[in-house]
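Colleague: Here you go, final14.csv (CSV, C-alpha atoms):
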```
chain,number,residue,atom,x,y,z
A,281,MET,CA,16.8,35.2,-18.1
A,282,PHE,CA,17.6,32.6,-15.5
A,283,PHE,CA,19.4,29.4,-16.4
A,284,ALA,CA,19.6,26.6,-13.9
A,285,SER,CA,23.1,25.4,-13.1
A,286,LYS,CA,24.0,22.0,-14.4
A,287,ASP,CA,24.7,20.8,-10.9
A,288,GLU,CA,21.3,22.0,-9.5
A,289,PRO,CA,18.9,19.1,-9.0
A,290,GLN,CA,16.3,18.9,-11.8
A,291,PRO,CA,12.7,17.7,-11.6
A,292,TYR,CA,12.4,14.0,-12.8
A,293,ASP,CA,11.2,13.0,-16.2
A,294,LEU,CA,9.2,9.9,-15.3
A,295,SER,CA,7.7,9.4,-18.7
A,296,ASN,CA,9.6,6.1,-19.2
A,297,PHE,CA,8.4,4.8,-15.8
A,298,SER,CA,5.8,2.1,-15.5
A,299,VAL,CA,4.1,1.8,-12.2
A,300,LEU,CA,1.7,-1.0,-11.1
A,301,VAL,CA,-1.0,0.1,-8.7
A,302,VAL,CA,-2.7,-2.7,-6.7
A,303,GLU,CA,-5.7,-1.3,-4.9
A,304,ASP,CA,-9.2,-2.8,-4.5
A,305,SER,CA,-10.9,0.5,-3.7
A,306,HIS,CA,-12.0,2.0,-6.9
A,307,SER,CA,-11.8,5.6,-5.7
A,308,MET,CA,-8.3,5.1,-4.2
A,309,MET,CA,-7.2,3.5,-7.4
A,310,GLU,CA,-8.4,6.4,-9.4
A,311,LEU,CA,-6.8,8.8,-7.0
A,312,LEU,CA,-3.4,7.1,-7.0
A,313,SER,CA,-3.4,6.8,-10.8
A,314,ALA,CA,-4.2,10.5,-11.2
A,315,MET,CA,-1.5,11.5,-8.7
A,316,LEU,CA,1.1,9.4,-10.5
A,317,LYS,CA,-0.1,10.9,-13.8
A,318,SER,CA,0.4,14.4,-12.4
A,319,PHE,CA,4.0,13.4,-11.5
A,320,GLY,CA,4.5,12.5,-15.2
A,321,VAL,CA,4.6,8.7,-14.9
A,322,GLY,CA,4.4,7.4,-18.4
A,323,GLU,CA,2.5,4.1,-17.8
A,324,ILE,CA,0.2,3.3,-15.0
A,325,LEU,CA,-1.1,-0.3,-14.7
A,326,VAL,CA,-3.9,-1.1,-12.3
A,327,CYS,CA,-5.1,-4.3,-10.6
A,328,ASN,CA,-7.6,-4.8,-7.8
A,329,SER,CA,-6.1,-7.8,-6.1
A,330,ALA,CA,-2.8,-9.4,-5.3
A,331,LYS,CA,-3.8,-12.4,-7.5
A,332,GLU,CA,-4.5,-10.1,-10.5
A,333,ALA,CA,-1.2,-8.3,-9.9
A,334,GLN,CA,0.7,-11.6,-10.0
A,335,ASP,CA,-0.9,-12.6,-13.3
A,336,LEU,CA,-0.2,-9.1,-14.7
A,337,LEU,CA,3.4,-9.2,-13.6
A,338,THR,CA,3.9,-12.7,-15.1
A,339,ILE,CA,2.3,-11.7,-18.4
A,340,THR,CA,4.2,-8.4,-18.6
A,341,GLN,CA,7.5,-10.1,-17.9
A,342,ALA,CA,6.9,-12.7,-20.6
A,343,ARG,CA,6.2,-9.8,-23.0
A,344,VAL,CA,9.4,-8.1,-21.9
A,345,GLN,CA,11.5,-11.1,-22.7
A,346,SER,CA,9.9,-11.8,-26.0
A,347,ARG,CA,9.5,-8.3,-27.4
A,348,HIS,CA,12.2,-6.3,-25.7
A,349,ILE,CA,9.7,-3.9,-24.1
A,350,SER,CA,10.2,-2.5,-20.6
A,351,GLY,CA,8.5,-4.1,-17.7
A,352,VAL,CA,7.0,-2.7,-14.5
A,353,ASP,CA,9.4,-0.4,-12.6
A,354,VAL,CA,7.7,0.1,-9.3
A,355,VAL,CA,4.8,-1.6,-7.5
A,356,LEU,CA,2.4,0.4,-5.3
A,357,THR,CA,0.2,-1.9,-3.3
A,358,ASP,CA,-2.5,-1.6,-0.7
A,359,TRP,CA,-1.9,-3.7,2.4
A,360,LEU,CA,-5.3,-5.1,3.1
A,361,MET,CA,-7.4,-6.3,0.2
A,362,PRO,CA,-9.9,-9.0,-0.2
A,363,GLY,CA,-8.7,-11.7,-2.6
A,364,GLY,CA,-5.1,-11.5,-1.6
A,365,SER,CA,-3.3,-9.1,0.6
A,366,GLY,CA,-0.3,-6.8,0.0
A,367,LEU,CA,1.6,-9.2,2.2
A,368,GLU,CA,0.8,-12.1,-0.2
A,369,LEU,CA,1.9,-10.1,-3.1
A,370,ILE,CA,5.2,-9.1,-1.5
A,371,ASN,CA,5.9,-12.8,-0.6
A,372,TRP,CA,5.2,-13.9,-4.2
A,373,VAL,CA,7.4,-11.2,-5.7
A,374,ARG,CA,10.3,-11.8,-3.4
A,375,ALA,CA,10.2,-15.6,-3.9
A,376,HIS,CA,10.1,-15.3,-7.7
A,377,ASN,CA,12.7,-16.9,-9.8
A,378,ASP,CA,12.8,-14.1,-12.4
A,379,GLU,CA,15.2,-11.4,-11.1
A,380,LYS,CA,13.2,-8.6,-12.9
A,381,ILE,CA,10.3,-9.5,-10.6
A,382,LYS,CA,12.1,-10.6,-7.5
A,383,PHE,CA,13.9,-7.3,-7.0
A,384,LEU,CA,11.0,-4.9,-7.9
A,385,PRO,CA,10.8,-1.9,-5.6
A,386,ILE,CA,7.5,-2.2,-3.6
A,387,ILE,CA,5.8,0.6,-1.8
A,388,VAL,CA,3.1,-0.5,0.6
A,389,ILE,CA,0.1,1.7,1.3
A,390,SER,CA,-1.7,1.1,4.6
A,391,GLY,CA,-4.8,2.5,6.1
A,392,TYR,CA,-3.4,1.5,9.5
A,393,THR,CA,-1.2,3.8,11.5
A,394,SER,CA,-0.1,0.8,13.5
A,395,GLU,CA,3.6,0.3,13.7
A,396,LYS,CA,3.0,-3.4,13.6
A,397,VAL,CA,1.8,-3.2,10.0
A,398,ILE,CA,4.7,-1.0,9.0
A,399,ALA,CA,7.1,-3.5,10.7
A,400,MET,CA,5.3,-6.5,8.9
A,401,ALA,CA,5.6,-4.7,5.5
A,402,ARG,CA,9.3,-4.1,6.2
A,403,ASP,CA,10.0,-7.6,7.4
A,404,SER,CA,8.3,-9.1,4.4
A,405,GLY,CA,10.5,-7.2,2.0
A,406,ALA,CA,8.7,-4.0,1.1
A,407,ASN,CA,11.0,-1.1,0.2
A,408,GLU,CA,8.8,1.7,1.5
A,409,ALA,CA,5.5,2.1,3.4
A,410,LEU,CA,3.0,4.9,3.0
A,411,VAL,CA,0.3,5.4,5.6
A,412,LYS,CA,-3.1,7.0,4.8
A,413,PRO,CA,-4.0,9.8,4.6
A,414,LEU,CA,-1.7,10.2,1.6
A,415,SER,CA,-0.4,13.5,0.4
A,416,GLY,CA,1.3,14.5,-2.8
A,417,LYS,CA,4.5,15.1,-0.8
A,418,SER,CA,4.4,11.7,0.9
A,419,LEU,CA,3.9,9.8,-2.3
A,420,ALA,CA,6.7,11.9,-4.0
A,421,GLN,CA,9.0,11.2,-1.1
A,422,ARG,CA,8.6,7.4,-1.4
A,423,ILE,CA,9.1,7.5,-5.2
A,424,THR,CA,12.2,9.7,-4.7
A,425,SER,CA,13.5,7.3,-2.1
A,426,VAL,CA,13.3,4.2,-4.3
A,427,ILE,CA,15.1,6.1,-7.1
A,428,GLU,CA,17.7,7.9,-5.0
A,429,GLN,CA,18.4,5.5,-2.2
A,430,PRO,CA,18.1,2.0,-3.5
A,431,ARG,CA,19.3,-0.5,-0.9
A,432,ALA,CA,21.2,-3.8,-1.5
A,433,PHE,CA,19.0,-6.9,-1.1
A,434,LEU,CA,19.9,-9.3,1.6
A,435,GLN,CA,19.2,-13.1,1.7
A,436,THR,CA,19.3,-14.7,5.1
A,437,PRO,CA,17.7,-17.9,6.3
A,438,ASN,CA,14.7,-15.8,7.6
A,439,TYR,CA,14.5,-12.8,5.3
A,440,PHE,CA,14.8,-11.8,1.7
A,441,GLY,CA,14.4,-8.2,0.7
A,442,PRO,CA,16.0,-4.7,0.8
A,443,ASP,CA,18.5,-4.2,3.6
A,444,ARG,CA,16.4,-3.0,6.5
A,445,ARG,CA,19.1,-0.8,7.8
A,446,ARG,CA,18.8,2.5,6.0
A,447,HIS,CA,22.0,4.0,7.4
A,448,GLU,CA,25.5,2.7,8.2
A,449,THR,CA,25.6,3.8,11.8
A,450,PRO,CA,29.0,3.2,13.5
A,451,ILE,CA,28.6,0.8,16.4
A,452,LYS,CA,29.9,2.2,19.7
A,453,PHE,CA,29.5,-1.1,21.7
A,454,GLU,CA,30.3,-4.7,21.0
A,455,ASP,CA,28.8,-5.8,17.7
A,456,ARG,CA,26.3,-8.5,18.6
A,457,ARG,CA,25.4,-9.5,15.0
A,458,VAL,CA,25.8,-13.2,14.6
A,459,ILE,CA,26.9,-12.8,11.0
A,460,GLN,CA,29.2,-10.0,10.1
A,461,PRO,CA,28.7,-8.1,6.9
A,462,GLU,CA,32.0,-9.5,5.5
A,463,GLU,CA,30.7,-13.0,5.9
A,464,PHE,CA,27.9,-12.5,3.3
A,465,THR,CA,28.3,-13.8,-0.2
A,466,VAL,CA,28.2,-10.7,-2.4
A,467,HIS,CA,26.5,-10.7,-5.9
A,468,ASN,CA,27.1,-7.7,-8.1
A,469,ASP,CA,25.1,-7.4,-11.3
B,695,MET,CA,26.2,-11.8,-11.7
B,696,THR,CA,29.7,-12.4,-10.2
B,697,ARG,CA,29.8,-14.6,-7.1
B,698,SER,CA,32.3,-15.1,-4.3
B,699,LYS,CA,31.9,-18.0,-1.8
B,700,LYS,CA,31.3,-17.2,1.9
B,701,LYS,CA,28.9,-18.3,4.7
B,702,LYS,CA,26.0,-20.4,3.2
B,703,GLY,CA,22.6,-18.8,3.3
B,704,PHE,CA,23.8,-15.2,3.8
B,705,GLU,CA,24.0,-13.2,0.6
B,706,ILE,CA,24.0,-9.6,-0.5
B,707,PHE,CA,22.8,-8.5,-3.9
B,708,LYS,CA,24.3,-5.2,-5.0
B,709,LEU,CA,22.1,-4.2,-7.9
B,710,THR,CA,22.5,-1.6,-10.6
B,711,ASN,CA,20.1,1.2,-10.1
B,712,ARG,CA,17.6,0.3,-12.8
B,713,LEU,CA,15.2,3.1,-12.0
B,714,ARG,CA,17.9,5.7,-12.6
B,715,GLN,CA,18.6,4.2,-16.0
B,716,ARG,CA,14.9,4.8,-16.8
B,717,LEU,CA,15.1,8.5,-16.1
B,718,SER,CA,16.0,11.1,-18.7
B,719,PRO,CA,19.8,11.5,-19.5
B,720,ASN,CA,19.9,14.5,-17.1
B,721,HIS,CA,19.3,12.2,-14.1
B,722,LYS,CA,21.5,9.2,-15.0
B,723,ASP,CA,24.0,10.4,-12.4
B,724,ASP,CA,22.5,13.5,-10.7
B,725,PRO,CA,19.9,13.5,-8.0
B,726,GLY,CA,16.4,14.9,-8.9
B,727,PHE,CA,13.0,15.5,-7.3
B,728,VAL,CA,9.4,15.4,-8.1
B,729,ASP,CA,8.4,18.8,-9.3
B,730,ASP,CA,6.6,20.9,-6.7
B,731,LYS,CA,3.9,21.9,-9.2
B,732,ALA,CA,3.2,18.2,-9.8
B,733,ILE,CA,2.9,17.7,-6.0
B,734,GLU,CA,0.5,20.6,-5.7
B,735,LYS,CA,-1.6,19.1,-8.5
B,736,ALA,CA,-1.7,15.8,-6.7
B,737,ASP,CA,-2.8,17.5,-3.5
B,738,LYS,CA,-5.6,19.2,-5.5
B,739,LEU,CA,-6.8,15.8,-6.7
B,740,ILE,CA,-7.0,14.6,-3.0
B,741,GLU,CA,-8.9,17.7,-2.1
B,742,LEU,CA,-11.4,17.1,-4.9
B,743,LEU,CA,-11.8,13.5,-3.9
B,744,CYS,CA,-12.6,14.5,-0.3
B,745,GLU,CA,-15.0,17.2,-1.4
B,746,ARG,CA,-16.8,14.7,-3.5
B,747,PHE,CA,-16.8,12.1,-0.8
B,748,SER,CA,-18.3,14.5,1.7
B,749,GLU,CA,-21.1,15.3,-0.7
B,750,ASP,CA,-21.7,11.7,-1.7
B,751,MET,CA,-21.5,10.1,1.7
B,752,GLY,CA,-25.2,10.6,2.5
B,753,GLY,CA,-26.1,8.6,-0.7
B,754,ASP,CA,-23.6,5.9,0.1
B,755,LEU,CA,-24.9,5.6,3.6
B,756,SER,CA,-28.5,5.2,2.3
B,757,VAL,CA,-27.4,2.4,0.0
B,758,LEU,CA,-25.5,0.8,2.8
B,759,SER,CA,-28.5,0.9,5.2
B,760,GLU,CA,-30.9,-0.3,2.5
B,761,LYS,CA,-28.6,-3.3,1.6
B,762,TRP,CA,-28.2,-4.2,5.3
B,763,LEU,CA,-32.0,-4.0,5.9
B,764,GLU,CA,-32.5,-6.4,2.9
B,765,MET,CA,-30.0,-8.9,4.2
B,766,ARG,CA,-30.6,-8.6,7.9
B,767,ASP,CA,-33.7,-10.9,8.2
B,768,MET,CA,-32.8,-13.2,5.3
B,769,PRO,CA,-32.1,-16.8,6.2
B,770,ASN,CA,-28.6,-18.1,5.4
B,771,SER,CA,-28.5,-18.5,1.6
B,772,PRO,CA,-26.4,-17.6,-1.4
B,773,GLU,CA,-28.6,-14.5,-1.8
B,774,ARG,CA,-27.7,-13.4,1.7
B,775,GLU,CA,-24.0,-14.0,1.0
B,776,GLU,CA,-24.3,-11.9,-2.2
B,777,LYS,CA,-25.9,-9.1,-0.2
B,778,ALA,CA,-23.2,-9.4,2.4
B,779,GLN,CA,-20.6,-9.0,-0.3
B,780,GLU,CA,-22.3,-5.8,-1.5
B,781,VAL,CA,-22.3,-4.4,2.0
B,782,PHE,CA,-18.7,-5.4,2.4
B,783,THR,CA,-17.7,-3.5,-0.8
B,784,ILE,CA,-19.5,-0.3,0.2
B,785,ALA,CA,-18.1,-0.5,3.8
B,786,HIS,CA,-14.6,-1.1,2.4
B,787,GLU,CA,-14.8,1.9,0.0
B,788,ILE,CA,-16.1,4.1,2.9
B,789,LYS,CA,-13.3,2.9,5.1
B,790,ASP,CA,-10.6,3.7,2.5
B,791,ILE,CA,-11.8,7.1,1.5
B,792,SER,CA,-12.7,8.3,5.0
B,793,ALA,CA,-9.2,7.2,6.2
B,794,GLN,CA,-7.8,9.3,3.3
B,795,CYS,CA,-10.0,12.3,4.0
B,796,GLY,CA,-9.4,12.6,7.7
B,797,TYR,CA,-12.6,10.9,8.9
B,798,SER,CA,-10.7,8.4,11.0
B,799,ILE,CA,-13.7,7.7,13.2
B,800,LEU,CA,-15.8,6.9,10.2
B,801,ALA,CA,-13.1,4.6,8.9
B,802,TYR,CA,-13.0,2.8,12.3
B,803,PHE,CA,-16.7,1.9,12.2
B,804,ALA,CA,-16.7,1.1,8.4
B,805,GLU,CA,-13.8,-1.2,9.0
B,806,ASN,CA,-15.6,-3.0,11.8
B,807,LEU,CA,-18.7,-3.3,9.6
B,808,ARG,CA,-16.6,-4.7,6.8
B,809,ASP,CA,-14.9,-7.2,9.0
B,810,TYR,CA,-18.1,-8.5,10.7
B,811,ILE,CA,-20.3,-8.6,7.7
B,812,THR,CA,-18.6,-11.7,6.2
B,813,HIS,CA,-17.9,-13.4,9.6
B,814,THR,CA,-19.4,-16.8,8.8
B,815,ASP,CA,-18.7,-18.2,12.3
B,816,LEU,CA,-20.9,-15.6,14.0
B,817,SER,CA,-24.6,-16.5,14.8
B,818,MET,CA,-27.2,-14.6,12.9
B,819,GLU,CA,-28.3,-12.8,16.1
B,820,ALA,CA,-24.7,-11.8,16.9
B,821,GLN,CA,-24.2,-10.5,13.4
B,822,ARG,CA,-27.5,-8.5,13.6
B,823,VAL,CA,-26.5,-6.8,16.8
B,824,ILE,CA,-22.9,-6.0,15.8
B,825,ILE,CA,-23.7,-4.9,12.2
B,826,GLN,CA,-26.6,-2.8,13.4
B,827,ALA,CA,-24.3,-1.1,15.9
B,828,CYS,CA,-21.8,-0.3,13.2
B,829,VAL,CA,-24.5,1.0,10.8
B,830,ASP,CA,-26.0,3.2,13.5
B,831,SER,CA,-22.6,4.5,14.6
B,832,ILE,CA,-21.7,5.4,11.0
B,833,THR,CA,-25.1,7.2,10.6
B,834,VAL,CA,-24.5,9.2,13.8
B,835,VAL,CA,-20.9,10.1,12.9
B,836,HIS,CA,-22.0,11.3,9.5
B,837,LYS,CA,-25.0,13.3,10.8
B,838,GLN,CA,-22.8,14.9,13.4
B,839,GLY,CA,-20.1,15.6,10.9
B,840,LEU,CA,-17.4,14.1,13.2
B,841,LYS,CA,-13.9,14.2,11.9
B,842,ASP,CA,-10.5,12.8,13.1
B,843,ASP,CA,-11.1,10.7,16.3
B,844,GLY,CA,-14.5,12.2,16.8
B,845,GLY,CA,-14.2,13.3,20.4
B,846,PRO,CA,-16.4,12.2,23.4
B,847,LEU,CA,-19.5,11.2,21.3
B,848,ALA,CA,-17.3,8.9,19.2
B,849,ASP,CA,-15.8,7.4,22.3
B,850,GLU,CA,-19.3,6.5,23.5
B,851,LEU,CA,-20.2,4.9,20.2
B,852,LYS,CA,-16.9,3.0,20.2
B,853,ALA,CA,-17.6,1.7,23.7
B,854,ALA,CA,-21.1,0.6,22.8
B,855,LEU,CA,-19.8,-1.3,19.7
B,856,LYS,CA,-17.0,-2.9,21.8
B,857,LYS,CA,-19.6,-4.0,24.3
B,858,ALA,CA,-21.7,-5.6,21.6
B,859,ILE,CA,-18.7,-7.3,20.1
B,860,GLU,CA,-17.6,-8.7,23.5
B,861,LYS,CA,-21.1,-9.9,24.3
B,862,PHE,CA,-21.9,-11.5,21.0
B,863,SER,CA,-18.7,-12.7,19.3
```
Write out the structure in this file as structure tokens.

Modeller:
Amino acid sequence: MFFASKDEPQPYDLSNFSVLVVEDSHSMMELLSAMLKSFGVGEILVCNSAKEAQDLLTITQARVQSRHISGVDVVLTDWLMPGGSGLELINWVRAHNDEKIKFLPIIVISGYTSEKVIAMARDSGANEALVKPLSGKSLAQRITSVIEQPRAFLQTPNYFGPDRRRHETPIKFEDRRVIQPEEFTVHND
Amino acid sequence: MTRSKKKKGFEIFKLTNRLRQRLSPNHKDDPGFVDDKAIEKADKLIELLCERFSEDMGGDLSVLSEKWLEMRDMPNSPEREEKAQEVFTIAHEIKDISAQCGYSILAYFAENLRDYITHTDLSMEAQRVIIQACVDSITVVHKQGLKDDGGPLADELKAALKKAIEKFS
């Protein structure tokens, strides 16, 4: 009989996870929900517009505070939707006063392969972007990334969201950043 | 949260990894992964969706053409807007699923159709020409079973649509 070593990575148990899927296409919403279910995600909430997602997050968060239940852990949102885009949802989330909403990991799904959309999603504060066609592997990679590589959030006059630099690369030349990392006010929770 | 004063307007929030806390005790500290079997299952779901899409596309296209024919010669009215919304929904659905299933050329025409169907600043004549070009292109792409970028035939259809858009919008 084979026993896995304690140090060997183990498959996730996502049964305590709650994922909000925001997708206006009925078939895509069904597909994403079924894919997440196959990954073992315990709770999958669905909305078909950014506006509906904002209402649901507000209500869920109010229930979390009053009944000590867990809230949404990850948001998976389409980019272009009638009735409020993914961009509007990200802006709303990142500007929220409630820290449980403000810092939510957001994975954007886009039908566009354009780098412009990916850059817009990143610059508006999304954690990850996923371009159609989706695959089981690509969705699993983005979920793994938000679990394993959470990035600190930065607030600057022009940006609020996860640190857009994914790696600390040593700078070989003169550092042209106007603000040095040590000049940031640091908040630890 | 603890705070330390530095340059105003520039802040870093170093957060506890809440997602890790929501995993089972095995993963509180150790890295993990999504099970390969679960990924295979997810891929199977995509395969099934695409098979179904391929079979149902003919039906969707008939409904799309029918709705467009109904609205095409209607005068501007709430009923016409309602029909436009129905066409928009079908085109949007076709765009999303075809992009997912590797029919990128179909997604291209469905996206144009979706974008122009609700263009209220276009004249009726312009809308008729552009939407008709989109519907015709989708029909040809489907009948020819064009996948990915669709090759030379798709390029011709794209050029014709572009010409119509340039002339009428």

Colleague: Excluding range 782-793 of chain B and its own-chain neighbours fewer than 2 positions away, which residues fall within 8 Å of it when counting all atoms listed in the file? Please give them as a list in words.

Modeller: Ser305, His306, Ser307, Met308, Gly391, Lys412 and Pro413 of chain A; Cys744, Phe747, Asp754, Leu758, Ala778, Gln779, Glu780, Cys795, Gly796, Tyr797, Ser798, Leu800, Ala801, Tyr802, Phe803, Ala804, Glu805, Leu807, Arg808, Asp809, Ile811 and Thr812 of chain B

Colleague: Please compute the CA of Lys861 in chain B-CA of Glu819 in chain B distance, one decimal, in Å.

Modeller: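 CA of Glu819 in chain B lies at a distance of 11.3 Å from CA of Lys861 in chain B.
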
Colleague: Find the residue from A:Tyr439, A:Phe383, A:Trp372, A:Phe297 that sits nearest to Arg402 in chain A; use all atoms listed in the file when measuring.

Modeller: A:Tyr439

Colleague: Hey, which of A:Val299, A:Leu367, A:Leu294, A:Leu434 ends up closest to Glu705 in chain B? Count all atoms listed in the file.

Modeller: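 Answer, going by the shortest atom-to-atom distance: A:Leu434.
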
Colleague: Set the cut-off to 6 Å and count only C-alpha atoms: what are the residues of chain A that reach chain B? Output as a list in words.

Modeller: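 Result: Pro289, Gln290, Pro291, Tyr292, Asp293, Asn296, Ser305, Met315, Ser318, Phe319, Lys412, Pro413, Gly416, Ile427, Ala432, Phe433, Leu434, Gln435, Thr436, Pro437, Glu463, Phe464, Thr465, Val466, His467, Asn468 and Asp469 of chain A.
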
Colleague: For Asp830 in chain B, please output as a list in words all residues within 12 Å (counting all atoms listed in the file; exclusion window: fewer than 6 positions along the same chain).

Modeller: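 Here the answer would be Leu755, Ser756, Leu758, Ser759, Trp762, Leu800, Phe803, Ala804, Leu807, Arg822, Val823, Ile824, His836, Lys837, Ala848, Leu851, Lys852, Ala854 and Leu855 of chain B.
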
Colleague: So the first atom is CA of Val354 in chain A and the second is CA of Pro385 in chain A; what is the distance between them in Å, to one decimal place?

Modeller: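 Going from CA of Val354 in chain A over to CA of Pro385 in chain A covers 5.2 Å.
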
Colleague: Go through A:Ala399, A:Ile387, A:Val411, A:Leu312 and flag the residue nearest Ser425 in chain A, using all atoms listed in the file for the distances.

Modeller: A:Ile387

Colleague: Please provide as a list in words all residues within 8 Å of range 326-343 of chain A, with the sequence filter that same-chain residues fewer than 6 positions apart are discarded (counting only C-alpha atoms).

Modeller: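 Counting only C-alpha atoms, the residues come to Leu300, Val301, Val302, Glu303, Asp304, Ser305, Met309, Ile349, Gly351, Val352, Met361, Pro362, Gly363, Gly364, Ser365, Gly366, Glu368, Leu369, Trp372, Val373, Lys380 and Ile381 of chain A.
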
Colleague: Could you tell me how far CA of Leu840 in chain B lies from CA of Gly752 in chain B, in Å and to one decimal?

Modeller: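 Going from CA of Leu840 in chain B over to CA of Gly752 in chain B covers 13.7 Å.
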
Colleague: Counting all atoms listed in the file, which residue out of A:Thr424, A:Leu360, A:His376, A:Leu414 sits closest to Ala401 in chain A?

Modeller: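 Smallest distance to Ala401 in chain A is found for A:Leu360.
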